>>> print(open('upload.cif').read())   # mmCIF, C-alpha atoms and all ligand atoms
data_protein
#
loop_
_atom_site.label_atom_id
_atom_site.label_comp_id
_atom_site.auth_asym_id
_atom_site.auth_seq_id
_atom_site.Cartn_x
_atom_site.Cartn_y
_atom_site.Cartn_z
CA MET A 1 125.26 15.98 74.64
CA ARG A 2 126.16 19.63 75.23
CA SER A 3 125.50 21.03 78.67
CA LEU A 4 122.21 22.76 79.38
CA VAL A 5 122.04 26.49 78.70
CA ALA A 6 118.84 27.16 80.62
CA HIS A 7 116.15 25.75 82.86
CA ILE A 8 112.49 26.46 82.20
CA GLU A 9 109.80 26.44 84.80
CA ILE A 10 106.13 26.48 83.77
CA ASN A 11 103.44 27.66 86.12
CA GLN A 12 100.83 25.13 85.03
CA ALA A 13 98.11 26.71 87.16
CA TRP A 14 98.41 30.00 85.24
CA CYS A 15 99.05 28.57 81.74
CA LYS A 16 96.05 28.65 79.37
CA GLY A 17 97.68 26.61 76.59
CA CYS A 18 97.47 29.49 74.06
CA GLN A 19 100.30 28.03 71.89
CA ILE A 20 102.22 31.31 71.50
CA CYS A 21 105.36 29.99 73.19
CA VAL A 22 105.26 26.67 71.34
CA GLU A 23 105.01 28.46 67.98
CA ILE A 24 107.46 31.24 68.75
CA CYS A 25 110.28 28.94 69.83
CA SER A 26 112.50 28.31 66.83
CA ARG A 27 114.03 25.26 68.57
CA GLY A 28 110.89 23.25 69.27
CA VAL A 29 111.63 23.10 72.98
CA LEU A 30 108.05 23.32 74.24
CA GLY A 31 105.04 21.07 73.71
CA TYR A 32 101.62 20.27 75.16
CA ALA A 33 100.67 18.21 78.15
CA THR A 34 98.45 15.24 77.37
CA ASP A 35 96.23 15.99 80.34
CA VAL A 36 93.71 18.80 80.54
CA SER A 37 94.06 21.10 83.56
CA ASP A 38 91.20 21.57 86.02
CA LYS A 39 90.45 24.88 84.23
CA GLY A 40 90.01 23.02 80.93
CA PHE A 41 93.31 23.99 79.25
CA ARG A 42 96.11 21.83 77.94
CA PRO A 43 99.11 23.49 79.57
CA ILE A 44 102.59 23.64 78.10
CA ILE A 45 105.37 21.28 79.03
CA VAL A 46 109.11 21.39 78.38
CA GLU A 47 109.96 18.66 75.87
CA LYS A 48 113.53 19.29 74.70
CA ILE A 49 115.33 21.44 77.23
CA GLU A 50 118.67 20.39 75.72
CA ASP A 51 117.81 22.43 72.58
CA CYS A 52 116.95 25.63 74.48
CA THR A 53 119.21 28.62 73.76
CA GLY A 54 117.89 30.68 76.68
CA CYS A 55 116.69 33.45 74.35
CA ILE A 56 113.67 34.08 76.67
CA MET A 57 111.31 34.89 73.78
CA CYS A 58 108.75 32.37 75.10
CA GLU A 59 108.86 34.07 78.49
CA LEU A 60 108.53 37.61 77.07
CA MET A 61 105.58 36.61 74.87
CA CYS A 62 103.69 34.55 77.44
CA PRO A 63 100.41 36.37 78.17
CA ASP A 64 100.02 34.60 81.49
CA LEU A 65 103.44 35.21 83.08
CA ALA A 66 103.60 31.44 83.34
CA ILE A 67 107.11 30.84 81.94
CA THR A 68 110.38 31.41 83.76
CA VAL A 69 113.59 30.81 81.81
CA GLU A 70 116.68 30.77 83.94
CA LYS A 71 120.15 30.67 82.44
CA VAL A 72 122.35 27.94 83.89
CA GLU A 73 125.37 29.48 85.65
CA LYS A 74 128.54 28.49 83.85
CA MET B 1 112.31 35.85 84.50
CA SER B 2 108.58 35.93 84.98
CA LYS B 3 108.85 34.64 88.52
CA HIS B 4 110.94 37.66 89.48
CA LEU B 5 107.92 39.75 88.51
CA TYR B 6 105.64 37.98 90.96
CA LYS B 7 106.63 40.44 93.69
CA TYR B 8 104.72 43.11 91.75
CA LEU B 9 101.56 40.99 91.61
CA ARG B 10 98.62 40.06 93.76
CA THR B 11 99.36 36.44 92.90
CA GLU B 12 96.24 35.24 94.72
CA VAL B 13 94.03 36.65 91.94
CA PHE B 14 95.86 34.75 89.19
CA PRO B 15 95.38 33.29 86.60
CA THR B 16 94.15 36.43 84.83
CA PRO B 17 90.57 36.64 83.53
CA PHE B 18 91.86 37.21 79.98
CA CYS B 19 91.03 34.69 77.24
CA SER B 20 93.76 32.29 76.22
CA GLY B 21 96.31 34.15 74.07
CA CYS B 22 94.96 37.67 74.74
CA GLY B 23 97.53 40.35 73.88
CA HIS B 24 96.67 42.27 77.05
CA GLY B 25 98.58 39.65 79.06
CA ILE B 26 101.73 40.17 76.94
CA LEU B 27 101.40 43.91 77.56
CA MET B 28 100.98 43.32 81.30
CA GLY B 29 104.31 41.48 81.33
CA ALA B 30 105.99 44.22 79.27
CA ILE B 31 104.83 46.95 81.68
CA LEU B 32 106.10 45.02 84.71
CA ARG B 33 109.44 44.33 83.05
CA ALA B 34 109.80 48.05 82.24
CA ILE B 35 109.09 48.96 85.88
CA ASP B 36 111.44 46.25 87.15
CA GLU B 37 114.31 47.35 84.89
CA LEU B 38 113.85 50.99 85.94
CA GLY B 39 113.97 49.90 89.57
CA TYR B 40 110.80 51.82 90.47
CA ASP B 41 109.12 51.29 93.82
CA MET B 42 105.47 50.42 93.15
CA ASP B 43 104.58 52.20 96.40
CA GLY B 44 105.24 55.51 94.67
CA MET B 45 102.97 54.65 91.75
CA LEU B 46 99.25 54.82 91.05
CA PHE B 47 97.64 52.83 88.25
CA VAL B 48 94.33 54.06 86.88
CA SER B 49 92.02 52.18 84.54
CA GLY B 50 88.40 52.39 83.40
CA ILE B 51 86.15 49.60 82.16
CA GLY B 52 86.97 46.89 79.63
CA CYS B 53 89.34 43.93 79.33
CA GLY B 54 92.32 46.30 78.94
CA ALA B 55 91.33 48.00 82.19
CA TRP B 56 91.96 44.71 83.99
CA ILE B 57 95.67 44.81 83.19
CA PRO B 58 96.63 46.76 86.35
CA SER B 59 93.59 46.05 88.50
CA PRO B 60 93.30 43.76 90.39
CA HIS B 61 96.64 42.29 89.31
CA PHE B 62 99.27 44.83 90.39
CA ALA B 63 100.37 44.92 94.02
CA ALA B 64 100.16 48.72 94.04
CA ASP B 65 97.56 51.42 94.46
CA THR B 66 95.02 50.97 91.67
CA LEU B 67 91.96 53.03 90.81
CA HIS B 68 89.44 51.11 88.70
CA VAL B 69 86.99 53.82 87.67
CA THR B 70 83.95 54.40 85.45
CA HIS B 71 84.09 53.72 81.72
CA GLY B 72 86.01 56.36 79.77
CA ARG B 73 87.17 58.37 82.77
CA PRO B 74 90.58 57.03 83.84
CA VAL B 75 92.46 60.01 82.38
CA ALA B 76 90.17 62.40 84.29
CA PHE B 77 90.68 60.52 87.59
CA ALA B 78 94.42 60.29 86.93
CA THR B 79 94.56 64.05 86.35
CA GLY B 80 92.88 64.64 89.71
CA ALA B 81 95.22 62.25 91.52
CA LYS B 82 98.28 63.86 89.95
CA LEU B 83 97.14 67.36 90.93
CA PHE B 84 96.44 66.21 94.47
CA LYS B 85 99.82 64.49 94.87
CA PRO B 86 102.33 65.55 92.20
CA SER B 87 105.05 63.25 93.58
CA LEU B 88 103.00 60.18 92.56
CA LYS B 89 103.96 58.43 89.32
CA VAL B 90 100.51 58.14 87.75
CA VAL B 91 99.98 55.62 84.97
CA VAL B 92 96.77 55.04 83.02
CA ILE B 93 96.46 51.57 81.49
CA SER B 94 93.23 50.83 79.64
CA GLY B 95 91.61 49.85 76.35
CA ASP B 96 91.09 51.76 73.11
CA GLY B 97 87.35 52.01 73.71
CA ASP B 98 87.90 53.31 77.21
CA ILE B 99 90.70 55.79 76.48
CA ALA B 100 89.94 56.85 72.91
CA SER B 101 86.23 56.26 72.17
CA ILE B 102 84.13 57.20 75.21
CA GLY B 103 87.18 58.78 76.89
CA GLY B 104 88.58 60.57 73.84
CA ASN B 105 87.78 64.02 75.11
CA HIS B 106 89.78 63.50 78.32
CA LEU B 107 92.66 62.16 76.26
CA ILE B 108 92.98 65.21 74.01
CA HIS B 109 92.69 67.64 76.91
CA ALA B 110 95.30 65.82 78.97
CA ALA B 111 97.57 66.06 75.91
CA ARG B 112 96.72 69.75 75.43
CA ARG B 113 97.67 70.41 79.05
CA ASP B 114 100.75 68.17 78.80
CA ILE B 115 100.00 66.76 82.25
CA ASP B 116 102.70 64.52 83.67
CA LEU B 117 100.88 61.21 83.12
CA THR B 118 101.85 58.04 81.29
CA ILE B 119 98.94 56.70 79.26
CA ILE B 120 99.24 53.16 77.89
CA CYS B 121 96.40 52.34 75.51
CA ALA B 122 95.85 48.62 74.88
CA ASN B 123 94.43 48.87 71.37
CA ASN B 124 92.69 45.75 70.07
CA GLY B 125 90.51 47.77 67.66
CA ILE B 126 87.29 46.64 69.29
CA TYR B 127 85.14 46.65 72.42
CA GLY B 128 86.34 43.24 73.54
CA MET B 129 84.64 42.88 76.88
CA THR B 130 81.10 43.67 75.76
CA GLY B 131 80.93 41.35 72.75
CA GLY B 132 83.08 42.86 70.03
CA GLN B 133 81.32 46.06 68.94
CA VAL B 134 82.94 48.55 66.55
CA ALA B 135 85.18 51.18 68.19
CA ALA B 136 86.62 54.54 67.08
CA SER B 137 89.85 52.59 66.51
CA THR B 138 88.46 49.69 64.43
CA PRO B 139 90.32 49.60 61.11
CA LEU B 140 88.33 50.16 57.90
CA GLY B 141 86.63 47.07 56.53
CA MET B 142 86.94 44.99 59.70
CA ARG B 143 83.99 42.90 60.81
CA THR B 144 82.68 43.43 64.30
CA SER B 145 79.42 42.38 65.95
CA THR B 146 77.91 45.76 64.97
CA THR B 147 79.55 45.96 61.52
CA PRO B 148 78.99 42.43 60.15
CA ASP B 149 79.68 43.62 56.58
CA GLY B 150 82.82 45.51 57.54
CA ASN B 151 83.48 48.85 59.22
CA ARG B 152 82.81 51.80 56.90
CA GLU B 153 84.04 54.53 59.26
CA ARG B 154 87.66 55.63 59.30
CA PRO B 155 89.41 55.00 62.61
CA PHE B 156 91.30 57.59 64.60
CA ASP B 157 95.07 57.48 64.24
CA LEU B 158 95.53 57.72 68.01
CA CYS B 159 99.18 58.76 67.87
CA LYS B 160 98.48 61.57 65.41
CA LEU B 161 95.56 62.67 67.56
CA VAL B 162 97.66 62.90 70.72
CA GLU B 163 100.56 64.50 68.86
CA ALA B 164 98.29 67.17 67.38
CA ALA B 165 96.73 67.83 70.78
CA GLY B 166 100.14 68.44 72.35
CA GLY B 167 101.44 65.17 73.87
CA THR B 168 105.21 65.30 74.36
CA TYR B 169 106.06 61.58 74.17
CA VAL B 170 104.09 59.56 71.63
CA SER B 171 104.80 56.05 70.37
CA ARG B 172 103.13 52.98 68.92
CA TYR B 173 104.30 49.38 69.15
CA SER B 174 102.69 46.00 68.81
CA VAL B 175 102.98 43.36 71.52
CA HIS B 176 104.96 41.18 69.09
CA GLN B 177 107.67 43.89 69.17
CA VAL B 178 108.06 43.14 72.84
CA LYS B 179 111.62 44.37 73.39
CA PRO B 180 111.17 47.81 71.74
CA LEU B 181 107.81 47.99 73.52
CA ILE B 182 109.46 47.54 76.92
CA ARG B 183 112.03 50.23 76.05
CA SER B 184 109.28 52.60 74.94
CA ILE B 185 107.29 52.06 78.14
CA GLN B 186 110.45 52.91 80.08
CA ARG B 187 110.90 56.12 78.08
CA GLY B 188 107.26 57.00 78.61
CA LEU B 189 107.55 56.45 82.36
CA GLU B 190 110.76 58.48 82.56
CA HIS B 191 109.34 61.33 80.48
CA THR B 192 108.05 64.44 82.24
CA GLY B 193 104.83 65.57 80.60
CA LEU B 194 102.12 63.65 78.81
CA SER B 195 103.35 60.32 77.41
CA PHE B 196 101.08 58.23 75.24
CA ILE B 197 101.99 54.71 74.21
CA GLU B 198 99.59 52.95 71.88
CA VAL B 199 100.01 49.20 72.06
CA LEU B 200 98.51 46.95 69.40
CA SER B 201 97.19 44.02 71.39
CA PRO B 202 95.37 41.17 69.63
CA CYS B 203 91.93 40.08 70.81
CA PRO B 204 91.56 36.59 69.33
CA THR B 205 88.09 36.09 70.79
CA GLN B 206 86.18 39.11 69.50
CA PHE B 207 88.35 40.54 66.71
CA GLY B 208 90.45 37.64 65.51
CA ARG B 209 87.81 35.05 64.89
CA ARG B 210 85.70 37.47 62.80
CA ASN B 211 88.65 38.74 60.75
CA VAL B 212 92.15 37.32 60.88
CA SER B 213 92.09 34.09 62.85
CA GLY B 214 90.95 32.90 66.23
CA THR B 215 94.43 31.74 67.17
CA ALA B 216 96.65 34.13 69.02
CA PHE B 217 99.81 33.15 67.17
CA GLU B 218 98.26 33.73 63.74
CA MET B 219 97.10 37.16 64.88
CA LEU B 220 100.63 37.97 66.00
CA GLN B 221 101.97 36.81 62.62
CA THR B 222 99.49 39.07 60.83
CA LEU B 223 100.54 42.03 62.98
CA LYS B 224 104.14 41.27 62.13
CA GLU B 225 103.29 41.43 58.40
CA ASP B 226 101.20 44.60 58.78
CA CYS B 227 103.59 46.69 60.90
CA VAL B 228 106.36 48.80 59.38
CA SER B 229 108.82 50.96 61.26
CA ARG B 230 108.62 54.74 61.03
CA GLN B 231 112.01 54.77 59.29
CA LYS B 232 110.87 52.24 56.65
CA ALA B 233 107.55 54.05 56.19
CA GLU B 234 109.40 57.24 55.23
CA THR B 235 110.69 55.44 52.13
CA MET B 236 107.27 54.08 51.12
CA GLY B 237 104.52 55.67 49.02
CA SER B 238 101.02 56.38 50.35
CA GLU B 239 99.47 53.56 48.28
CA GLU B 240 101.97 51.06 49.70
CA LEU B 241 101.29 52.31 53.21
CA LYS B 242 97.50 52.12 52.92
CA TYR B 243 97.10 48.85 54.81
CA LYS B 244 100.21 49.17 56.94
CA ILE B 245 100.53 50.17 60.58
CA VAL B 246 103.46 52.47 61.28
CA THR B 247 105.26 51.74 64.55
CA GLY B 248 107.95 53.55 66.49
CA GLU B 249 108.41 56.79 68.39
CA PHE B 250 106.64 59.80 66.87
CA VAL B 251 107.25 62.53 69.45
CA THR B 252 110.17 62.56 71.90
CA SER B 253 110.36 66.25 72.86
C1 LIG C 1 79.10 54.42 80.61
C2 LIG C 1 79.28 53.06 80.07
N1 LIG C 1 78.99 52.81 78.78
C3 LIG C 1 79.18 51.57 78.27
C4 LIG C 1 79.63 50.56 79.05
C5 LIG C 1 79.80 49.20 78.47
N2 LIG C 1 81.18 48.86 78.21
C6 LIG C 1 81.92 48.19 79.10
S1 LIG C 1 83.48 47.86 78.57
C7 LIG C 1 83.16 48.65 77.09
C8 LIG C 1 84.18 48.75 75.99
C9 LIG C 1 85.56 48.42 76.38
O1 LIG C 1 86.38 48.48 75.27
P1 LIG C 1 87.93 48.72 75.41
O2 LIG C 1 88.22 49.84 76.31
O3 LIG C 1 88.48 48.80 74.04
O4 LIG C 1 88.44 47.41 76.18
P2 LIG C 1 88.67 45.91 75.66
O5 LIG C 1 87.61 45.11 76.33
O6 LIG C 1 88.55 45.92 74.18
O7 LIG C 1 90.05 45.59 76.12
C10 LIG C 1 81.86 49.16 77.05
C11 LIG C 1 81.27 49.86 75.89
C12 LIG C 1 79.92 50.86 80.40
N3 LIG C 1 80.42 49.91 81.23
N4 LIG C 1 79.74 52.10 80.89
S1 LIG C 2 114.13 30.36 75.83
FE1 LIG C 2 114.09 30.55 73.57
S2 LIG C 2 114.94 28.57 72.86
FE2 LIG C 2 114.38 28.29 75.03
S3 LIG C 2 112.29 27.47 74.96
FE3 LIG C 2 112.08 29.69 75.17
S4 LIG C 2 111.87 30.43 73.03
FE4 LIG C 2 112.71 28.31 72.92
S1 LIG C 3 87.58 39.33 74.83
FE1 LIG C 3 89.42 39.86 73.68
S2 LIG C 3 90.39 41.55 74.86
FE2 LIG C 3 88.88 40.53 76.22
S3 LIG C 3 90.12 39.00 77.36
FE3 LIG C 3 89.20 37.96 75.55
S4 LIG C 3 90.82 38.10 73.96
FE4 LIG C 3 91.32 39.63 75.55
MG MG C 4 89.41 47.40 72.93
#
>>> encode(input="upload.cif", output="structure tokens", more="lines below")
Ligand SMILES: Cc1ncc(C[n+]2csc(CCOP(=O)(O)OP(=O)(O)O)c2C)c(N)n1
Ligand code: SF4
Ligand code: SF4
Ligand SMILES: [Mg+2]
Amino acid sequence: MRSLVAHIEINQAWCKGCQICVEICSRGVLGYATDVSDKGFRPIIVEKIEDCTGCIMCELMCPDLAITVEKVEK
Amino acid sequence: MSKHLYKYLRTEVFPTPFCSGCGHGILMGAILRAIDELGYDMDGMLFVSGIGCGAWIPSPHFAADTLHVTHGRPVAFATGAKLFKPSLKVVVISGDGDIASIGGNHLIHAARRDIDLTIICANNGIYGMTGGQVAASTPLGMRTSTTPDGNRERPFDLCKLVEAAGGTYVSRYSVHQVKPLIRSIQRGLEHTGLSFIEVLSPCPTQFGRRNVSGTAFEMLQTLKEDCVSRQKAETMGSEELKYKIVTGEFVTS
């Protein structure tokens, strides 16, 4: 397995499960939690961090400032 | 790095009141990234908004001075604040209904005077907050709660309006063009004189579900198909351009 390019942190309390990040990611890195949050949303979870390129498109397009992509220092 | 933007926020009021997938949230992030990259101190800035969902972008979210004023009047209040304290960086952020329908008169006169303001208009083509009524910026044929058979009135081309009235930085981008949008917001903030940035910002709840789709991603896809750059538009005929939205910088003087 190649080494990780980035870490992703999701602020689950701010995420409204809008799907934009899941759909925009060409690598299928993100998915949905099985549980519903106390606000009634299914927040996003990181499913395949090993496929993440660190392009930060999910972060730039998140309407809730809920995604932080951090490049792993080489 | 969204978390690096949290220093510009009143985090205690989050999550935002916007519907899931609302374009106004993407625009909020783009504005903060532009400010962060320019290295501005929010203490030297004033954000002015009126009434509507778009007006909630700066207030109460930004950890800065914010004026949340009556519907349609943010440009008028911003003009007063700028005259009172010219050293302030004054930024209006509000909706299309607020800035260009009820507030349209203030907009054209601010442009005519070329006042040193940055006006960011979150255009979702509708009055989102009040239930999805038709606006002066609703595209032809679109269904709204007050035009159930489709809008028969031509919308304003907001960029042409501001250009004709005398604005000296004028651009239009969609939130899906997030990187050029951030750059354009930076140029607008750096510009001396009236800058106007029209931002196409999908409202899945009131506009999308009656027209395109109720999902945010599908609305973004549709915008992507509908937008053409100014450079590309110059090579296209008027028939081809009829249902297209031209994006880019229109005035940079
Ligand atoms: C004087 C006045 N007229 C009408 C209203 C009702 N009203 C509140 S928000 C709004 C429209 C907001 O539309 P827009 O600025 O496009 O914001 P959006 O919600 O679409 O982001 C209207 C008509 C009001 N609050 N005050
Ligand atoms: S940074 Fe890019 S590759 Fe990684 S999850 Fe986000 S969109 Fe996908
Ligand atoms: S009604 Fe429309 S503009 Fe208002 S928060 Fe919901 S999606 Fe956004
Ligand atoms: Mg609107």
>>> atom_distance(input="upload.cif", atom1="atom O4 of ligand LIG 1 (chain C)", atom2="CA of Pro43 in chain A")
26.4 Å
>>> residues_around(input="upload.cif", residues="Gln231 in chain B", least_positions_apart="2", cutoff="12 Å", atoms="only C-alpha atoms", output="VMD selection string")
chain B and resid 227 to 229 233 to 236 246 to 250
>>> residues_near_ligand(input="upload.cif", ligand="ligand LIG 2 (chain C)", cutoff="7 Å", atoms="only C-alpha atoms and all ligand atoms", output="PyMOL selection string")
chain A and resi 21+24-30+51-59+69
>>> interface_residues(input="upload.cif", of="chain B", to="chain A", cutoff="10 Å", atoms="only C-alpha atoms", output="count of residues only")
36
>>> residues_near_ligand(input="upload.cif", ligand="ligand MG 4 (chain C)", cutoff="8 Å", atoms="all atoms listed in the file", output="list in words")
Gly52, Cys53, Gly54, Gly95, Asp96, Gly97, Asp98, Ala122, Asn123, Asn124, Gly125, Ile126, Tyr127, Gly128, Met129 and Ala135 of chain B
>>> write_last_selection(input="upload.cif", atoms="C-alpha atoms", output="PDB file, in the frame of the given file")
ATOM      1  CA  GLY B  52      86.970  46.890  79.630  1.00  0.00           C
ATOM      2  CA  CYS B  53      89.340  43.930  79.330  1.00  0.00           C
ATOM      3  CA  GLY B  54      92.320  46.300  78.940  1.00  0.00           C
ATOM      4  CA  GLY B  95      91.610  49.850  76.350  1.00  0.00           C
ATOM      5  CA  ASP B  96      91.090  51.760  73.110  1.00  0.00           C
ATOM      6  CA  GLY B  97      87.350  52.010  73.710  1.00  0.00           C
ATOM      7  CA  ASP B  98      87.900  53.310  77.210  1.00  0.00           C
ATOM      8  CA  ALA B 122      95.850  48.620  74.880  1.00  0.00           C
ATOM      9  CA  ASN B 123      94.430  48.870  71.370  1.00  0.00           C
ATOM     10  CA  ASN B 124      92.690  45.750  70.070  1.00  0.00           C
ATOM     11  CA  GLY B 125      90.510  47.770  67.660  1.00  0.00           C
ATOM     12  CA  ILE B 126      87.290  46.640  69.290  1.00  0.00           C
ATOM     13  CA  TYR B 127      85.140  46.650  72.420  1.00  0.00           C
ATOM     14  CA  GLY B 128      86.340  43.240  73.540  1.00  0.00           C
ATOM     15  CA  MET B 129      84.640  42.880  76.880  1.00  0.00           C
ATOM     16  CA  ALA B 135      85.180  51.180  68.190  1.00  0.00           C
TER      17      ALA B 135
END
>>> closest_residue(input="upload.cif", among="B:Gly131, B:Gly193, B:Gly72, B:Gly103", to="ligand LIG 3 (chain C)", atoms="only C-alpha atoms and all ligand atoms")
B:Gly131
>>> atom_distance(input="upload.cif", atom1="CA of Tyr169 in chain B", atom2="CA of Met42 in chain B")
22.0 Å
>>> residues_around(input="upload.cif", residues="Glu73 in chain A", least_positions_apart="5", cutoff="10 Å", atoms="all atoms listed in the file", output="PyMOL selection string")
chain A and resi 4-6
>>> closest_residue(input="upload.cif", among="B:Ala164, B:Ala136, B:Val48, B:Ile57", to="ligand LIG 3 (chain C)", atoms="all atoms listed in the file")
B:Ile57
>>> closest_residue(input="upload.cif", among="B:Ala78, B:Cys159, B:Ile93, B:Ala111", to="ligand LIG 1 (chain C)", atoms="only C-alpha atoms and all ligand atoms")
B:Ile93
>>> residues_around(input="upload.cif", residues="Ala33 in chain A", least_positions_apart="3", cutoff="8 Å", atoms="only C-alpha atoms", output="list in words")
Val36, Arg42, Pro43, Ile44 and Ile45 of chain A
>>> closest_residue(input="upload.cif", among="B:Lys85, B:His109, B:Arg10, B:Arg143", to="Val212 in chain B", atoms="only C-alpha atoms")
B:Arg143
